[in-house]
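Here the structure is laid out as structure tokens; the discussion comes afterwards.
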Amino acid sequence: MQVQRNIAKIREAKGVKQSAVASFLGYSSQKYHRIEKINKTISTDDLNNIALFLGVDINIFFDDKLTDSVIKNVGKEKQPS
């Protein structure tokens with residue numbers, strides 16, 4: 001469940017609630033919660049849409065180091081240049 005864990009980590013780092021992602025996908029909050037926390041697989045369409053919503057490349061979800069890199073950069077994105 002590395003993918004689901006990485007989705008959750010990025011979502012939380014960006015300050016996005018599960019309900020916002022659920023709404024974007026057209027799902028109930030409970031269905032999205034199951035996708036992120038319970039289901040062993042996620043459809044390709046859902047992965048693509050979650051990546052789109054979070055503003056990241058889908059491949060990041062499959063790599064812990066890339067996920068950590070995105071999380072580190074979240075704070076930098078919010079700071080004015």
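Residue names in the structure tokens use chain letters A, B, ... in the order shown, residue numbers from 1 in each chain, and ligand numbers from 1 in the order shown.
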
With DSSP run on the backbone, what are the helix (DSSP H, G or I) residues within chain A? I'd like them as a PyMOL selection string. chain A and resi 2-13+18-25+29-37+44-54+58-62+64-78

Val70 (chain A): which residues within 12 Å, counting only C-alpha atoms, same-chain residues fewer than 4 positions away excluded, as a list in words? Asn6, Ile7, Lys9, Ile10, Arg11, Glu12, Ala13, Lys14, Leu54, Gly55, Val56, Asp57, Ile58, Asn59, Ile60, Phe61, Asp63, Asp64, Lys65, Leu66, Val74, Gly75, Lys76 and Glu77 of chain A

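The residue that comes closest to Ser23 (chain A), out of A:Asn49, A:Asn73, A:Gln4, A:Ser43 and on the basis of only C-alpha atoms, is A:Asn49.
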
Could you check the closest approach to Asp46 (chain A) for each of A:Ser29, A:Phe24, A:Arg5, A:Thr67 and tell me which residue wins, using only C-alpha atoms? A:Phe24

Which residue, A:Thr41, A:Ala51, A:Ile71, A:Glu36, has the smallest gap to Ser19 (chain A) when you use only C-alpha atoms?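 Counting only C-alpha atoms, the residue closest to Ser19 (chain A) is A:Glu36.
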
Check the smallest atom-to-atom distance from each of A:Thr44, A:Ala8, A:Ile50, A:Gln2 to Tyr27 (chain A) using only C-alpha atoms, then report the winner.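 Using only C-alpha atoms, Tyr27 (chain A) sits closest to A:Ile50.
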
With distances taken over only C-alpha atoms, which residue among A:Lys37, A:Ser69, A:Leu52, A:Gly26 lies nearest Val3 (chain A)?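 For Val3 (chain A), the nearest of the given residues is A:Lys37.
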
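Comparing A:Phe62, A:Asn39, A:Asp45, A:Phe53 by their smallest distance to Ala20 (chain A), the closest is A:Phe53 (using only C-alpha atoms).
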